[in-house]
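Student: Encoded as structure tokens, here's the structure I'll be asking about.
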Amino acid sequence: MSSSQSKRPAADREAEGTPFDLKGYLGQTTRLVDKALSHYLPASRIKPATIHEAMRYSLFAGGKRMRPALCLAAAASCGGSQEAALAPACALECVHTYSLIHDDLPAMDNDDLRRGRPTSHKVYGEAMAILAGDALLTIAFEILTDTRPTQRYGHAAMVRELARASGSRGMIAGQVADMEAEGNQGVSLKQLQFIHASKTAALLTASLRLGGMAANATPRQLEALTTFGYHVGLAFQVVDDILDVTQSSDQLGKTAGKDQAADKATYPALMGLDRSKRKASYLTQKAFAALGPLGKKATALHALADYLLHRLN
């Protein structure tokens, strides 16, 4: 492979018959997003230095940047470029990281470990961790406005998309329902699905939709991305529930067994492990089916969804 070929996105090479390299694709998108995030965030030396250091501590703690990768892949699946979707990809990662910082707080999940190292409040204290999360959520919308408007979607549509997905009818709704379900032995599968659809699938779906919007997706393309995102988001959370009871803290990079210890509503608790694995597989196949209208340009989305399920292996 020539040097010029190796620098091209893996999705482009796949279209020419080369096997899709998911590891290479995630590496390429992560480097792209990390560089942009470092540009968008204030340097840690800028006053007040502590808050900017805390923001960067959590934002650059590692991870595969799955939501940005989905955003960039969605743009490509609609004929757009990665550069066009880079600002929303960065905004999404800021929102996601803010949610992790707040989820880990003693008042919420009370976790001491995230991505293999101490959580924000263990390093900077609870007050600074709260403020770091607030600051990341706020800067996300500033970053989002750097997206170039398209013929079908302006800044207002994009801001509304991210706000709804991360607000009281989206991610926060899921967190509230999750907290209220702790210790409740009567939680139904329908209630559990609402928790996961709101807490996890909402932001994943917004990641895909914002990527599509940045690429001026047609209504049919946007509908396909929405259906795909909903099912992948649910599958992602089912798999997370399973891994919490089947893997160690070292394998997860966070404290294992926390859901069971907190008496949280999870798929394994309600359905058992075997049925939960079948549920994850079913949801992923539904996601694959939704990508039909996008054709071969959705190769990266196929690979990303497949990876999310096969974390179980």
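Just so we're on the same page: first chain in the structure tokens is A, next is B, and so on; residues restart at 1 for each chain, and ligands are numbered from 1 in the order they show up.
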Neighbours of His121 in chain A within 8 Å (only C-alpha atoms; same-chain residues fewer than 3 positions away dropped), as an MDAnalysis selection string?

Tutor: chainID A and resid 101 104:105 124:129

Student: As a count of residues only, please: every residue in range 204-290 of chain A that DSSP puts in alpha helix (DSSP H).

Tutor: 70

Student: Write out as a list in words which residues come within 9 Å of range 179-188 of chain A when counting only C-alpha atoms, dropping same-chain ones fewer than 3 positions away.

Tutor: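 Non-adjacent residues within range: Met108, Asp109, Gly174, Gln175, Val176, Gln191, Leu192, Gln193, Ala262, Asp263, Lys264, Ala265 and Leu270 of chain A.
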
Student: Per residue of range 72-103 of chain A within 12 Å of range 277-292 of chain A, note the shortest atom pair and the distance in Å to one decimal, counting only C-alpha atoms, and order the rows by chain and increasing residue number, as CSV.

Tutor:
```
residue,atom,partner,partner_atom,distance
A:Ala74,CA,A:Leu291,CA,10.4
A:Ser77,CA,A:Leu291,CA,9.3
A:Cys78,CA,A:Leu291,CA,11.1
```

Student: Mind checking which residues fall within 8 Å of Leu86 in chain A, counting only C-alpha atoms, ignoring those fewer than 6 positions away in the same chain, and posting them as a compact mmCIF listing (two decimals) with N, CA and C atoms, in the first residue's frame?

Tutor:
```txt
# COMPACT_ATOMS: atom_id res chain seq x y z
N VAL A 33 -10.05 13.94 15.83
CA VAL A 33 -10.90 14.56 16.84
C VAL A 33 -10.07 15.13 17.99
N ALA A 36 -8.52 18.40 17.01
CA ALA A 36 -9.52 19.47 16.98
C ALA A 36 -9.96 19.86 18.39
N PRO A 68 -17.92 10.50 18.36
CA PRO A 68 -17.36 11.23 17.22
C PRO A 68 -17.16 10.33 15.99
N LEU A 72 -18.71 11.10 12.29
CA LEU A 72 -17.92 11.22 11.07
C LEU A 72 -18.33 10.17 10.05
N THR A 147 -19.85 24.54 12.94
CA THR A 147 -20.27 23.71 11.81
C THR A 147 -20.80 24.60 10.69
```

Student: What are the closest atom pairs, with distances in Å to one decimal, for all residues of range 140-254 of chain A lying within 12 Å of range 130-136 of chain A? Consider only C-alpha atoms, order rows by chain and residue number, and present the result as a tab-separated table.

Tutor:
```
residue	atom	partner	partner_atom	distance
A:Ala140	CA	A:Leu136	CA	6.1
A:Phe141	CA	A:Leu136	CA	9.2
A:Glu142	CA	A:Leu136	CA	10.0
A:Ile143	CA	A:Leu136	CA	10.2
```

Student: Please dump the current selection as a JSON list (two decimals), in the first residue's frame; keep N, CA and C atoms.

Tutor:
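As a result, part32.json now contains:
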```
[["chain", "number", "residue", "atom", "x", "y", "z"],
["A", 140, "ALA", "N", -19.53, 22.81, 24.43],
["A", 140, "ALA", "CA", -20.01, 21.95, 23.34],
["A", 140, "ALA", "C", -20.86, 22.73, 22.34],
["A", 141, "PHE", "N", -21.71, 23.62, 22.85],
["A", 141, "PHE", "CA", -22.59, 24.38, 21.96],
["A", 141, "PHE", "C", -21.82, 25.48, 21.24],
["A", 142, "GLU", "N", -20.79, 26.00, 21.87],
["A", 142, "GLU", "CA", -19.91, 26.95, 21.19],
["A", 142, "GLU", "C", -19.21, 26.27, 20.02],
["A", 143, "ILE", "N", -18.70, 25.06, 20.27],
["A", 143, "ILE", "CA", -18.02, 24.31, 19.22],
["A", 143, "ILE", "C", -18.98, 23.96, 18.09]]
```

Student: Record the distance separating CA of Arg56 in chain A and CA of Arg31 in chain A, expressed in Å with one decimal.

Tutor: 15.5 Å

Student: Hey, which of A:Arg114, A:Arg209, A:Lys35, A:Arg152 ends up closest to Leu70 in chain A? Count only C-alpha atoms.

Tutor: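 For Leu70 in chain A, the nearest of the given residues is A:Arg209.
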
Student: Using only C-alpha atoms, determine which residues lie at most 10 Å from Thr30 in chain A, disregarding the query and same-chain residues fewer than 3 positions distant; provide the list as a ChimeraX atom specification.

Tutor: /A:24-27,33-36,62-66,68-69

Student: Would you mind exporting the chosen residues as a compact mmCIF listing (two decimals), in the first residue's frame, restricted to N, CA and C atoms?

Tutor:
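Full text of out_39.txt as output:
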```
# COMPACT_ATOMS: atom_id res chain seq x y z
N GLY A 24 -7.73 0.79 12.36
CA GLY A 24 -7.11 1.92 11.68
C GLY A 24 -8.07 3.09 11.55
N TYR A 25 -9.34 2.78 11.29
CA TYR A 25 -10.34 3.84 11.16
C TYR A 25 -10.52 4.58 12.48
N LEU A 26 -10.65 3.83 13.58
CA LEU A 26 -10.82 4.46 14.88
C LEU A 26 -9.57 5.25 15.28
N GLY A 27 -8.40 4.72 14.92
CA GLY A 27 -7.18 5.46 15.20
C GLY A 27 -7.13 6.77 14.44
N VAL A 33 -10.05 13.94 15.83
CA VAL A 33 -10.90 14.56 16.84
C VAL A 33 -10.07 15.13 17.99
N ASP A 34 -9.07 14.39 18.43
CA ASP A 34 -8.23 14.86 19.53
C ASP A 34 -7.52 16.16 19.17
N LYS A 35 -7.02 16.23 17.95
CA LYS A 35 -6.34 17.45 17.51
C LYS A 35 -7.31 18.63 17.51
N ALA A 36 -8.52 18.40 17.01
CA ALA A 36 -9.52 19.47 16.98
C ALA A 36 -9.96 19.86 18.39
N GLY A 62 -8.50 9.15 27.38
CA GLY A 62 -8.47 7.93 26.57
C GLY A 62 -9.84 7.60 26.03
N GLY A 63 -10.02 6.38 25.59
CA GLY A 63 -11.28 5.97 24.98
C GLY A 63 -11.19 6.02 23.46
N LYS A 64 -12.13 5.36 22.81
CA LYS A 64 -12.09 5.23 21.35
C LYS A 64 -12.88 6.31 20.62
N ARG A 65 -13.42 7.30 21.34
CA ARG A 65 -14.15 8.39 20.70
C ARG A 65 -15.26 7.82 19.80
N MET A 66 -16.07 6.93 20.39
CA MET A 66 -17.06 6.23 19.60
C MET A 66 -18.14 7.16 19.04
N PRO A 68 -17.92 10.50 18.36
CA PRO A 68 -17.36 11.23 17.22
C PRO A 68 -17.16 10.33 15.99
N ALA A 69 -16.71 9.11 16.20
CA ALA A 69 -16.50 8.20 15.07
C ALA A 69 -17.82 7.92 14.35
```

Student: Between A:Ala235, A:Ala75, A:Leu37, A:Ala156, single out the one closest to Leu210 in chain A, counting only C-alpha atoms.

Tutor: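 Result for the nearest residue to Leu210 in chain A: A:Ala75.
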
Student: Looking only at strand (DSSP E or B) from DSSP on the backbone, list the matching residues of range 67-179 of chain A as an NGL selection string.

Tutor: :A and (113-114 or 117-118)

Student: Please, could you write that set of residues out with C-alpha atoms as a CSV table (one decimal), in the first residue's frame?

Tutor:
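Written file, selection_39.csv:
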```
chain,number,residue,atom,x,y,z
A,113,LEU,CA,-12.3,4.9,38.4
A,114,ARG,CA,-12.9,5.9,34.8
A,117,ARG,CA,-7.6,6.2,36.2
A,118,PRO,CA,-9.1,8.2,39.1
```

Student: Pick from A:Gln221, A:Gln151, A:Ser168, A:Asn216: nearest to Lys199 in chain A, with only C-alpha atoms counted?

Tutor: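 Answer, going by the shortest atom-to-atom distance: A:Ser168.
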
Student: So the first atom is CA of Asp146 in chain A and the second is CA of Ser198 in chain A; what is the distance between them in Å, to one decimal place?

Tutor: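 We find that CA of Asp146 in chain A and CA of Ser198 in chain A lie 26.5 Å from each other.
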
Student: My list of candidates is A:Ile172, A:Val95, A:Gly167, A:Leu59. Which is closest to Ser120 in chain A when distances are computed with only C-alpha atoms?

Tutor: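 Answer, going by the shortest atom-to-atom distance: A:Leu59.
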
Student: What's the 6 Å shell around range 201-207 of chain A, counting only C-alpha atoms, without same-chain residues fewer than 6 positions away, as a CSV table (one decimal) with C-alpha atoms, in the first residue's frame?

Tutor:
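Written out: result_27.csv:
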```csv
chain,number,residue,atom,x,y,z
A,67,ARG,CA,-19.6,9.0,19.3
A,71,CYS,CA,-20.7,11.2,13.6
A,165,ALA,CA,-30.6,14.7,23.1
A,170,GLY,CA,-33.0,12.7,26.5
A,226,THR,CA,-32.0,7.7,13.3
A,229,GLY,CA,-28.7,5.0,16.1
A,230,TYR,CA,-31.7,4.0,18.3
A,233,GLY,CA,-27.6,2.7,21.3
A,234,LEU,CA,-29.8,0.1,23.0
```

Student: Please indicate the distance in Å from CA of Tyr40 in chain A to CA of Arg148 in chain A, rounded to one decimal place.

Tutor: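 Going from CA of Tyr40 in chain A over to CA of Arg148 in chain A, I get 15.8 Å.
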
Student: Of the residues A:Asn110, A:Met213, A:Ala54, A:Asp103, which is the one nearest to Ala84 in chain A, using only C-alpha atoms?

Tutor: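 Closest residue, counting only C-alpha atoms: A:Met213.
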